[in-house]
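Asks: This one is final_25.txt, compact mmCIF, C-alpha atoms.
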# COMPACT_ATOMS: atom_id res chain seq x y z
CA MET A 24 35.50 -2.78 28.85
CA LYS A 25 32.75 -1.92 26.38
CA GLU A 26 29.55 -3.87 26.91
CA LYS A 27 28.26 -6.02 24.08
CA VAL A 28 24.88 -5.67 22.43
CA ARG A 29 21.82 -7.59 23.63
CA PHE A 30 19.11 -8.49 21.12
CA LEU A 31 15.44 -8.46 22.12
CA GLY A 32 12.77 -10.50 20.35
CA MET A 33 9.19 -9.43 21.03
CA ASP A 34 6.02 -11.29 20.04
CA VAL A 35 3.41 -8.55 20.19
CA HIS A 36 -0.34 -8.91 20.73
CA ALA A 37 -3.09 -6.44 21.57
CA GLU A 38 -2.75 -6.92 25.36
CA THR A 39 0.52 -8.79 25.90
CA ILE A 40 4.12 -8.95 24.67
CA ALA A 41 6.24 -12.09 24.99
CA VAL A 42 9.89 -11.05 25.38
CA ALA A 43 13.15 -12.97 24.84
CA VAL A 44 16.77 -11.83 24.85
CA ALA A 45 19.81 -13.13 23.00
CA GLU A 46 22.80 -12.50 25.27
CA PRO A 47 26.27 -11.61 23.98
CA ASP A 48 27.68 -14.93 25.28
CA GLY A 49 25.32 -16.96 23.12
CA GLU A 50 22.52 -17.67 25.60
CA VAL A 51 18.96 -17.09 24.36
CA ARG A 52 16.39 -17.00 27.14
CA SER A 53 12.81 -15.98 27.69
CA LEU A 54 11.99 -12.97 29.87
CA GLY A 55 8.32 -13.87 30.18
CA THR A 56 5.30 -11.85 29.19
CA ILE A 57 4.54 -8.20 29.93
CA ALA A 58 1.46 -6.06 29.37
CA ASN A 59 1.35 -4.14 26.09
CA ARG A 60 1.36 -0.80 27.87
CA ALA A 61 3.82 2.09 27.76
CA GLU A 62 4.66 1.82 31.47
CA SER A 63 5.45 -1.91 31.25
CA ILE A 64 7.69 -1.33 28.23
CA ARG A 65 9.52 1.47 30.03
CA LYS A 66 10.14 -0.76 33.08
CA LEU A 67 11.44 -3.56 30.82
CA VAL A 68 13.92 -1.28 29.09
CA LYS A 69 15.12 0.15 32.40
CA LYS A 70 15.63 -3.37 33.77
CA LEU A 71 17.70 -4.56 30.78
CA GLY A 72 20.37 -1.91 31.10
CA PRO A 73 21.79 0.90 28.94
CA VAL A 74 19.58 1.57 25.91
CA GLU A 75 22.59 2.04 23.63
CA HIS A 76 23.36 -1.68 24.03
CA LEU A 77 19.85 -2.89 23.19
CA ARG A 78 18.53 -3.90 19.75
CA ALA A 79 14.83 -4.79 19.69
CA CYS A 80 12.65 -6.28 16.99
CA TYR A 81 9.08 -7.48 16.46
CA GLU A 82 6.97 -8.63 13.53
CA ALA A 83 4.78 -6.20 11.61
CA GLY A 84 1.13 -6.84 12.36
CA PRO A 85 -2.23 -5.37 13.39
CA THR A 86 -0.73 -3.50 16.36
CA GLY A 87 1.01 -1.15 13.94
CA TYR A 88 4.10 0.86 14.82
CA VAL A 89 3.14 2.10 18.29
CA LEU A 90 5.69 -0.16 20.00
CA TYR A 91 8.37 1.00 17.54
CA TRP A 92 7.72 4.64 18.42
CA GLN A 93 7.66 3.89 22.14
CA LEU A 94 11.01 2.08 22.05
CA THR A 95 12.56 4.72 19.79
CA GLU A 96 11.46 7.45 22.18
CA LEU A 97 13.19 5.55 25.00
CA GLY A 98 16.39 5.46 22.92
CA VAL A 99 16.24 1.77 21.92
CA GLU A 100 17.09 0.88 18.33
CA CYS A 101 14.12 -1.10 17.01
CA ALA A 102 13.37 -2.95 13.78
CA VAL A 103 9.93 -3.99 12.52
CA ILE A 104 10.30 -7.33 10.75
CA ALA A 105 8.53 -8.66 7.66
CA PRO A 106 6.68 -11.76 8.99
CA THR A 107 6.82 -13.68 5.71
CA LEU A 108 10.62 -13.42 5.61
CA VAL A 109 11.33 -14.81 9.09
CA PRO A 110 13.35 -18.05 8.76
CA VAL A 111 11.37 -21.20 9.59
CA LYS A 112 12.91 -24.58 10.40
CA ALA A 113 11.66 -27.51 8.35
CA GLY A 114 9.58 -29.82 10.49
CA ASP A 115 8.94 -27.26 13.22
CA ARG A 116 5.25 -27.75 14.09
CA VAL A 117 5.12 -26.13 17.55
CA LYS A 118 4.28 -22.44 17.65
CA THR A 119 3.84 -20.45 20.87
CA ASP A 120 4.38 -16.82 21.82
CA ARG A 121 7.43 -17.79 23.87
CA ARG A 122 9.03 -19.75 21.03
CA ASP A 123 8.29 -16.96 18.55
CA ALA A 124 10.02 -14.41 20.79
CA LEU A 125 13.04 -16.70 21.20
CA LYS A 126 13.26 -17.22 17.44
CA LEU A 127 13.11 -13.48 16.76
CA ALA A 128 15.85 -12.74 19.29
CA ARG A 129 18.10 -15.48 17.89
CA SER A 130 17.52 -14.48 14.25
CA HIS A 131 17.97 -10.79 14.99
CA ARG A 132 21.36 -11.47 16.54
CA SER A 133 22.46 -13.54 13.53
CA GLY A 134 21.23 -10.90 11.05
CA ASP A 135 18.72 -13.20 9.34
CA LEU A 136 15.72 -10.84 9.57
CA THR A 137 14.42 -8.36 6.98
CA ALA A 138 13.11 -5.06 8.33
CA VAL A 139 10.24 -3.16 6.76
CA TRP A 140 10.11 0.58 6.20
CA VAL A 141 8.44 2.38 9.10
CA PRO A 142 6.53 5.54 8.13
CA ASP A 143 6.54 8.64 10.27
CA ALA A 144 3.34 9.75 11.98
CA GLY A 145 2.32 12.05 9.11
CA SER A 146 2.88 9.44 6.41
CA GLU A 147 0.96 6.79 8.34
CA ALA A 148 -1.94 9.20 8.89
CA LEU A 149 -2.13 9.95 5.17
CA ARG A 150 -1.96 6.24 4.34
CA ASP A 151 -4.80 5.50 6.77
CA LEU A 152 -6.92 8.16 5.09
CA VAL A 153 -6.18 6.82 1.61
CA ARG A 154 -6.99 3.26 2.66
CA ALA A 155 -10.22 4.44 4.31
CA ARG A 156 -11.25 5.94 0.98
CA GLU A 157 -10.36 2.68 -0.79
CA ALA A 158 -12.51 0.72 1.68
CA ALA A 159 -15.36 3.19 1.11
CA LYS A 160 -15.12 2.65 -2.67
CA GLN A 161 -15.38 -1.10 -2.14
CA ASP A 162 -18.43 -0.63 0.10
CA GLN A 163 -19.95 1.68 -2.51
CA LEU A 164 -19.48 -0.96 -5.20
CA ARG A 165 -21.17 -3.60 -3.04
CA ALA A 166 -24.09 -1.25 -2.30
CA ARG A 167 -24.54 -0.52 -6.00
CA HIS A 168 -24.48 -4.21 -6.82
CA ARG A 169 -27.19 -4.94 -4.27
CA LEU A 170 -29.45 -2.23 -5.70
CA SER A 171 -28.87 -3.11 -9.36
CA LYS A 172 -29.42 -6.82 -8.78
CA PHE A 173 -32.63 -6.09 -6.85
CA LEU A 174 -33.94 -3.99 -9.74
CA LEU A 175 -32.95 -6.70 -12.22
CA ARG A 176 -34.68 -9.38 -10.16
CA THR A 177 -37.90 -7.34 -9.99
CA GLY A 178 -37.96 -6.64 -13.73
CA GLN A 179 -37.06 -2.95 -13.60
CA ARG A 180 -35.06 -1.79 -16.65
CA PRO A 181 -33.70 1.70 -17.34
CA ALA A 182 -34.29 3.37 -20.68
CA HIS A 183 -32.06 2.22 -23.53
CA GLY A 184 -28.80 4.13 -23.52
CA MET A 185 -29.12 5.39 -19.93
CA LYS A 186 -25.76 5.03 -18.20
CA ALA A 187 -25.77 3.48 -14.75
CA TRP A 188 -25.18 5.61 -11.65
CA THR A 189 -25.49 8.94 -13.46
CA GLN A 190 -27.79 11.64 -12.14
CA SER A 191 -30.55 10.67 -14.57
CA TYR A 192 -30.22 7.01 -13.57
CA MET A 193 -30.59 7.85 -9.87
CA MET A 194 -33.67 9.98 -10.63
CA TRP A 195 -35.18 7.01 -12.46
CA VAL A 196 -34.53 4.75 -9.50
CA ARG A 197 -36.20 7.20 -7.10
CA GLN A 198 -39.32 7.32 -9.29
CA ILE A 199 -39.81 3.54 -9.24
CA ARG A 200 -42.80 2.44 -7.16
CA PHE A 201 -43.63 -1.11 -6.08
CA ALA A 202 -47.09 -2.42 -5.31
CA GLN A 203 -45.75 -4.50 -2.44
CA MET A 204 -44.78 -2.50 0.65
CA ALA A 205 -41.95 -4.93 1.44
CA GLN A 206 -40.33 -4.37 -1.97
CA GLU A 207 -40.71 -0.61 -1.66
CA ALA A 208 -38.96 -0.70 1.72
CA THR A 209 -36.18 -2.86 0.26
CA LYS A 210 -35.66 -0.44 -2.63
CA LEU A 211 -35.50 2.56 -0.29
CA ASP A 212 -32.98 0.81 1.96
CA HIS A 213 -30.70 -0.10 -0.98
CA LEU A 214 -31.08 3.42 -2.43
CA HIS A 215 -30.24 5.13 0.86
CA GLU A 216 -27.17 2.93 1.24
CA VAL A 217 -25.93 3.85 -2.25
CA GLU A 218 -26.44 7.55 -1.52
CA HIS A 219 -24.75 7.24 1.85
CA MET A 220 -21.75 5.48 0.31
CA GLY A 221 -21.48 8.19 -2.35
CA GLU A 222 -21.44 10.90 0.31
CA ARG A 223 -18.85 8.97 2.30
CA VAL A 224 -16.51 8.64 -0.68
CA ALA A 225 -16.90 12.34 -1.55
CA ARG A 226 -16.17 13.32 2.06
CA LEU A 227 -13.00 11.21 2.21
CA GLU A 228 -11.77 12.47 -1.16
CA GLN A 229 -12.20 16.06 0.03
CA ALA A 230 -10.25 15.18 3.18
CA ILE A 231 -7.44 13.75 1.01
CA VAL A 232 -7.27 16.98 -1.02
CA GLU A 233 -7.03 19.02 2.19
CA ALA A 234 -4.41 16.66 3.66
CA ILE A 235 -2.18 17.07 0.60
CA HIS A 236 -2.21 20.85 1.00
CA LEU A 237 -0.83 20.34 4.52
CA ALA A 238 1.66 17.61 3.55
CA PRO A 239 5.45 18.17 3.43
CA PRO A 240 6.83 19.70 0.17
CA GLN A 241 8.42 16.38 -0.80
CA ILE A 242 5.07 14.55 -0.86
CA GLN A 243 3.41 17.44 -2.68
CA GLU A 244 6.06 17.36 -5.40
CA VAL A 245 5.74 13.60 -5.81
CA VAL A 246 1.95 13.81 -6.09
CA LYS A 247 2.19 16.61 -8.66
CA GLY A 248 4.87 14.83 -10.67
CA LEU A 249 3.10 11.46 -10.78
CA GLN A 250 -0.04 13.08 -12.20
CA ALA A 251 1.92 13.82 -15.37
CA LEU A 252 1.62 10.11 -16.16
CA ARG A 253 -1.35 8.92 -18.14
CA GLY A 254 -3.87 7.02 -16.04
CA ILE A 255 -2.73 8.48 -12.72
CA GLY A 256 -5.01 11.16 -11.29
CA GLN A 257 -4.77 12.92 -7.97
CA ILE A 258 -6.19 10.13 -5.80
CA SER A 259 -3.98 7.51 -7.47
CA ALA A 260 -0.91 9.74 -7.08
CA VAL A 261 -1.67 10.32 -3.39
CA THR A 262 -2.14 6.57 -2.89
CA ILE A 263 1.26 5.85 -4.44
CA ALA A 264 2.96 8.55 -2.37
CA ALA A 265 1.30 7.35 0.84
CA GLU A 266 2.13 3.68 0.27
CA LEU A 267 5.75 4.26 -0.75
CA GLY A 268 6.75 7.14 1.50
CA ASN A 269 10.32 8.03 0.53
CA ILE A 270 10.65 6.63 -3.01
CA SER A 271 14.40 7.30 -3.03
CA ARG A 272 14.85 4.50 -0.49
CA PHE A 273 14.48 2.05 -3.39
CA GLU A 274 17.83 1.59 -5.10
CA GLY A 275 16.24 1.10 -8.50
CA ALA A 276 13.04 0.51 -10.43
CA ARG A 277 13.38 -3.29 -10.20
CA GLN A 278 13.42 -3.11 -6.42
CA LEU A 279 10.19 -1.12 -6.51
CA MET A 280 8.63 -3.69 -8.86
CA GLY A 281 9.58 -6.42 -6.40
CA TYR A 282 8.11 -4.41 -3.52
CA SER A 283 4.78 -4.31 -5.35
CA GLY A 284 4.75 -8.08 -5.91
CA ALA A 285 4.33 -7.57 -9.66
CA VAL A 286 7.38 -9.63 -10.64
CA PRO A 287 7.00 -13.24 -11.86
CA ARG A 288 7.79 -16.07 -9.50
CA GLU A 289 10.64 -18.35 -10.50
CA ASP A 290 11.61 -21.95 -9.73
CA SER A 291 14.87 -22.64 -11.57
CA SER A 292 17.57 -25.20 -10.96
CA GLY A 293 20.56 -26.05 -13.13
CA GLN A 294 19.60 -25.83 -16.78
CA ARG A 295 15.88 -25.77 -15.94
CA LYS A 296 14.23 -22.35 -15.81
CA GLN A 297 10.59 -22.07 -14.88
CA ARG A 298 8.63 -18.86 -14.31
CA GLY A 299 5.03 -18.54 -13.20
CA SER A 300 2.50 -15.87 -12.36
CA ILE A 301 3.41 -12.77 -10.35
CA THR A 302 4.40 -13.34 -6.73
CA LYS A 303 1.82 -10.96 -5.20
CA THR A 304 4.06 -10.93 -2.10
CA GLY A 305 4.17 -7.17 -1.89
CA ASN A 306 2.10 -4.04 -1.49
CA ALA A 307 -1.30 -4.88 -2.97
CA HIS A 308 -2.49 -1.26 -2.89
CA LEU A 309 0.44 -0.10 -5.03
CA ARG A 310 0.02 -3.04 -7.41
CA ARG A 311 -3.68 -2.29 -7.87
CA ILE A 312 -3.01 1.34 -8.80
CA ALA A 313 -0.33 0.35 -11.31
CA VAL A 314 -2.54 -2.27 -12.99
CA GLU A 315 -5.54 0.07 -13.16
CA ALA A 316 -3.43 2.83 -14.70
CA ALA A 317 -1.92 0.37 -17.19
CA TRP A 318 -5.26 0.07 -19.01
CA SER A 319 -4.80 3.65 -20.26
CA TYR A 320 -1.77 2.62 -22.29
CA ARG A 321 -3.75 0.41 -24.64
CA LEU A 322 -4.72 3.71 -26.32
CA ARG A 323 -2.45 5.58 -28.71
CA PRO A 324 -0.18 8.23 -27.14
CA GLY A 325 -1.86 11.57 -26.69
CA VAL A 326 -2.43 14.40 -24.24
CA GLY A 327 -6.09 15.15 -23.62
CA PRO A 328 -7.58 18.12 -21.74
CA ALA A 329 -7.59 16.36 -18.35
CA LEU A 330 -3.98 15.21 -18.64
CA ARG A 331 -2.88 18.62 -19.94
CA LYS A 332 -4.45 20.27 -16.91
CA ARG A 333 -2.72 17.86 -14.52
CA GLN A 334 0.63 18.62 -16.16
CA GLU A 335 0.37 22.36 -15.53
CA GLY A 336 3.29 23.50 -13.40
CA VAL A 337 5.13 20.20 -13.78
CA ALA A 338 8.82 20.31 -14.75
CA GLU A 339 9.54 19.75 -18.43
CA GLU A 340 11.89 16.89 -17.58
CA ILE A 341 9.05 15.00 -15.88
CA LYS A 342 6.69 15.71 -18.79
CA GLU A 343 9.24 14.19 -21.17
CA ILE A 344 9.46 11.07 -19.01
CA ALA A 345 5.65 10.78 -18.99
CA TRP A 346 5.53 11.18 -22.79
CA LYS A 347 8.22 8.53 -23.18
CA ALA A 348 6.15 6.24 -20.96
CA GLN A 349 3.14 6.62 -23.25
CA HIS A 350 5.10 5.57 -26.33
CA ARG A 351 7.01 2.75 -24.66
CA LEU A 352 4.07 1.20 -22.81
CA HIS A 353 1.64 1.49 -25.73
CA LYS A 354 4.22 -0.17 -27.96
CA ARG A 355 4.65 -2.96 -25.42
CA TYR A 356 0.90 -3.47 -25.17
CA SER A 357 0.54 -3.60 -28.96
CA ARG A 358 3.43 -6.02 -29.38
CA LEU A 359 2.17 -8.44 -26.71
CA SER A 360 -1.39 -8.17 -28.01
CA ALA A 361 -0.24 -8.98 -31.55
CA ALA A 362 1.55 -12.04 -30.17
CA GLY A 363 -1.79 -13.34 -28.86
CA LYS A 364 -1.03 -13.01 -25.16
CA ASP A 365 -3.81 -13.02 -22.60
CA ARG A 366 -5.08 -9.48 -22.09
CA ARG A 367 -4.85 -9.61 -18.30
CA LYS A 368 -1.24 -10.75 -18.48
CA ILE A 369 -0.47 -7.94 -20.93
CA ILE A 370 -1.91 -5.34 -18.55
CA THR A 371 0.06 -6.82 -15.65
CA ALA A 372 3.28 -6.62 -17.68
CA VAL A 373 2.54 -3.02 -18.68
CA GLY A 374 1.71 -2.13 -15.07
CA ARG A 375 4.99 -3.62 -13.89
CA GLU A 376 6.92 -1.50 -16.40
CA LEU A 377 4.86 1.56 -15.44
CA LEU A 378 6.27 1.18 -11.92
CA GLY A 379 9.69 1.89 -13.41
CA PHE A 380 8.49 5.27 -14.68
CA ILE A 381 6.82 5.93 -11.32
CA TRP A 382 10.15 5.32 -9.59
CA THR A 383 12.02 7.63 -11.98
CA ILE A 384 9.54 10.49 -11.61
CA GLY A 385 9.26 10.00 -7.85
CA VAL A 386 13.02 10.17 -7.33
CA LYS A 387 13.34 13.29 -9.48
CA ALA A 388 10.41 14.98 -7.71
CA GLU A 389 11.91 14.25 -4.29
CA LYS A 390 15.27 15.55 -5.42
CA ALA A 391 13.68 18.77 -6.70
CA ALA A 392 11.79 19.25 -3.43
CA ASN A 393 14.98 18.85 -1.38
CA GLN A 394 16.98 21.37 -3.41
CA PRO A 395 17.32 24.76 -1.70
CA MET A 396 15.35 27.57 -3.33
CA ALA A 397 17.36 30.14 -5.23
CA ALA A 398 17.72 33.51 -3.50
Just give me the structure of the file as structure tokens.
Replies:
Amino acid sequence: MKEKVRFLGMDVHAETIAVAVAEPDGEVRSLGTIANRAESIRKLVKKLGPVEHLRACYEAGPTGYVLYWQLTELGVECAVIAPTLVPVKAGDRVKTDRRDALKLARSHRSGDLTAVWVPDAGSEALRDLVRAREAAKQDQLRARHRLSKFLLRTGQRPAHGMKAWTQSYMMWVRQIRFAQMAQEATKLDHLHEVEHMGERVARLEQAIVEAIHLAPPQIQEVVKGLQALRGIGQISAVTIAAELGNISRFEGARQLMGYSGAVPREDSSGQRKQRGSITKTGNAHLRRIAVEAAWSYRLRPGVGPALRKRQEGVAEEIKEIAWKAQHRLHKRYSRLSAAGKDRRKIITAVGRELLGFIWTIGVKAEKAANQPMAA
């Protein structure tokens, strides 16, 4: 007689894993806690029986996908669960590792859990690099703010018309001298930090360029195709590709919009319909790129030198989609602006619609990359 499937729920922490199993006969029981080490996981799987009858799951979190890869290598089918979509009983105020593992096992057996997409090792490495660059840009901004506010507080003003953070601006900052040694030391520290952050960002951006040259053809095609869109340069295109992975896994543009958290929340019942601000329950990195790029569409449609250079070697079909995006999104911006809508809400709406064009171009680029080359 064929054995039935057993469902494992695992509450994962840096050093420990609480494990529970939902048996085929309906029993859900705790298996205790094991060390979060490869050898302990291997012993657990061996103890529970044939791997083809095991279905494991755990919540996505700071431990990443290491456990997923370990279980997959052992032959166990594993799902990484979206924590915010795990069912919660009303009135349940007791939360322990044991209870969390039991809940995961029970919900996994009943099919009430939503799995997230798990990137392969290459995609996760590229995403880590892109996010490191994003963190470096944030640190650079903070360092610049500290220096500029220090200069403002001490009465130092650049010449009229001098643009901040240009080469001439940095030369001016270096030439400033303070009578007080303490202020001079403070200026030098802030200046060195700004220079260090600039070098860090440049180093990471160069690493991203090199990583793309070594990336699979599918990612390279997506990055090249997305740059045909106005407002999306190389770094933005790489960020989108790294965050989304296989864009074809989304059934449509609306699903991608929902994944980004750029869709409005809704609380409707009966004849009452009420919509609010965007949900923000999605990929914040993708949403940020879309909103930043959306500002470009407040300008009239056009193809400047930088955009023309990015579109070199891009398929004509993708160029047509990008040109259509310029007309459609600029028209939407103008119409909402004429209606007196808040500018930030207009940009959010344009960014949400831009995600639809990103999905279309991404799917076409992936399809082109997967087509066999003509002999």
Asks: How close does each residue of stretch 254-279 of chain A get to stretch 285-301 of chain A, giving the shortest atom pair and distance in Å to one decimal for every residue with an atom at most 12 Å away, counting only C-alpha atoms, sorted by chain and residue number, as CSV?
Replies:
residue,atom,partner,partner_atom,distance
A:Ala276,CA,A:Val286,CA,11.6
A:Arg277,CA,A:Val286,CA,8.7
A:Gln278,CA,A:Val286,CA,9.8
A:Leu279,CA,A:Ala285,CA,9.3
Asks: Using only C-alpha atoms for the distances, tell me which of A:Gly184, A:Pro85, A:Lys27, A:Arg122 is nearest to A:Thr56.
Replies: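 Between A:Gly184, A:Pro85, A:Lys27, A:Arg122, the residue approaching A:Thr56 most closely is A:Arg122.
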Asks: Between A:Leu252, A:Ala138, A:Leu377, A:Val224, which is the closest to A:Ala158 once you count only C-alpha atoms?
Replies: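 Smallest separation from A:Ala158 among the options: A:Val224.
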Asks: Distance atom CA of A:Glu266-atom CA of A:Ile104, one decimal place?
Replies: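 Distance reported for this atom pair: 17.3 Å.
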Asks: Looking at all atoms listed in the file, which of A:Gly145, A:Gly98, A:Gly87, A:Pro73 is the one that sits closest to A:Leu237?
Replies: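 Looking at the shortest contact to A:Leu237, the residue is A:Gly145.
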Asks: For A:Asn393, which residue out of A:Lys303, A:Ala234, A:Ser271, A:Arg355 is the nearest one, using only C-alpha atoms?
Replies: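 So, comparing all the options, the nearest one is A:Ser271.
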Asks: Find the spatial neighbours of A:Ser130, counting all atoms listed in the file, within a cut-off of 12 Å - ignore same-chain residues fewer than 6 positions away - and output them as a VMD selection string.
Replies: chain A and resid 30 to 33 43 to 45 51 78 to 81 104 108 to 112 123 to 124 136 to 138
Asks: May I have the residues from that selection written out with C-alpha atoms, as a compact mmCIF listing (two decimals), keeping the file's coordinate frame?
Replies:
# COMPACT_ATOMS: atom_id res chain seq x y z
CA PHE A 30 19.11 -8.49 21.12
CA LEU A 31 15.44 -8.46 22.12
CA GLY A 32 12.77 -10.50 20.35
CA MET A 33 9.19 -9.43 21.03
CA ALA A 43 13.15 -12.97 24.84
CA VAL A 44 16.77 -11.83 24.85
CA ALA A 45 19.81 -13.13 23.00
CA VAL A 51 18.96 -17.09 24.36
CA ARG A 78 18.53 -3.90 19.75
CA ALA A 79 14.83 -4.79 19.69
CA CYS A 80 12.65 -6.28 16.99
CA TYR A 81 9.08 -7.48 16.46
CA ILE A 104 10.30 -7.33 10.75
CA LEU A 108 10.62 -13.42 5.61
CA VAL A 109 11.33 -14.81 9.09
CA PRO A 110 13.35 -18.05 8.76
CA VAL A 111 11.37 -21.20 9.59
CA LYS A 112 12.91 -24.58 10.40
CA ASP A 123 8.29 -16.96 18.55
CA ALA A 124 10.02 -14.41 20.79
CA LEU A 136 15.72 -10.84 9.57
CA THR A 137 14.42 -8.36 6.98
CA ALA A 138 13.11 -5.06 8.33
Asks: Please measure the separation of atom CA of A:Glu389 and atom CA of A:Leu352, giving the value in Å to one decimal.
Replies: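 Answer for the atom CA of A:Glu389 to atom CA of A:Leu352 separation: 24.0 Å.
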Asks: Quick check, in Å to one decimal: how far apart do atom CA of A:Pro106 and atom CA of A:Asp48 lie?
Replies: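 Going from atom CA of A:Pro106 over to atom CA of A:Asp48, I get 26.8 Å.
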Asks: Could you check the closest approach to A:Gly254 for each of A:Gln349, A:Ser283, A:Thr304, A:Gln163 and tell me which residue wins, using all atoms listed in the file?
Replies: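 Comparing A:Gln349, A:Ser283, A:Thr304, A:Gln163 against A:Gly254, the winner is A:Gln349.
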Asks: Kindly indicate which residue among A:Arg156, A:Arg150, A:His213, A:Arg132 lies nearest to A:Leu170, using all atoms listed in the file for the distances.
Replies: A:His213
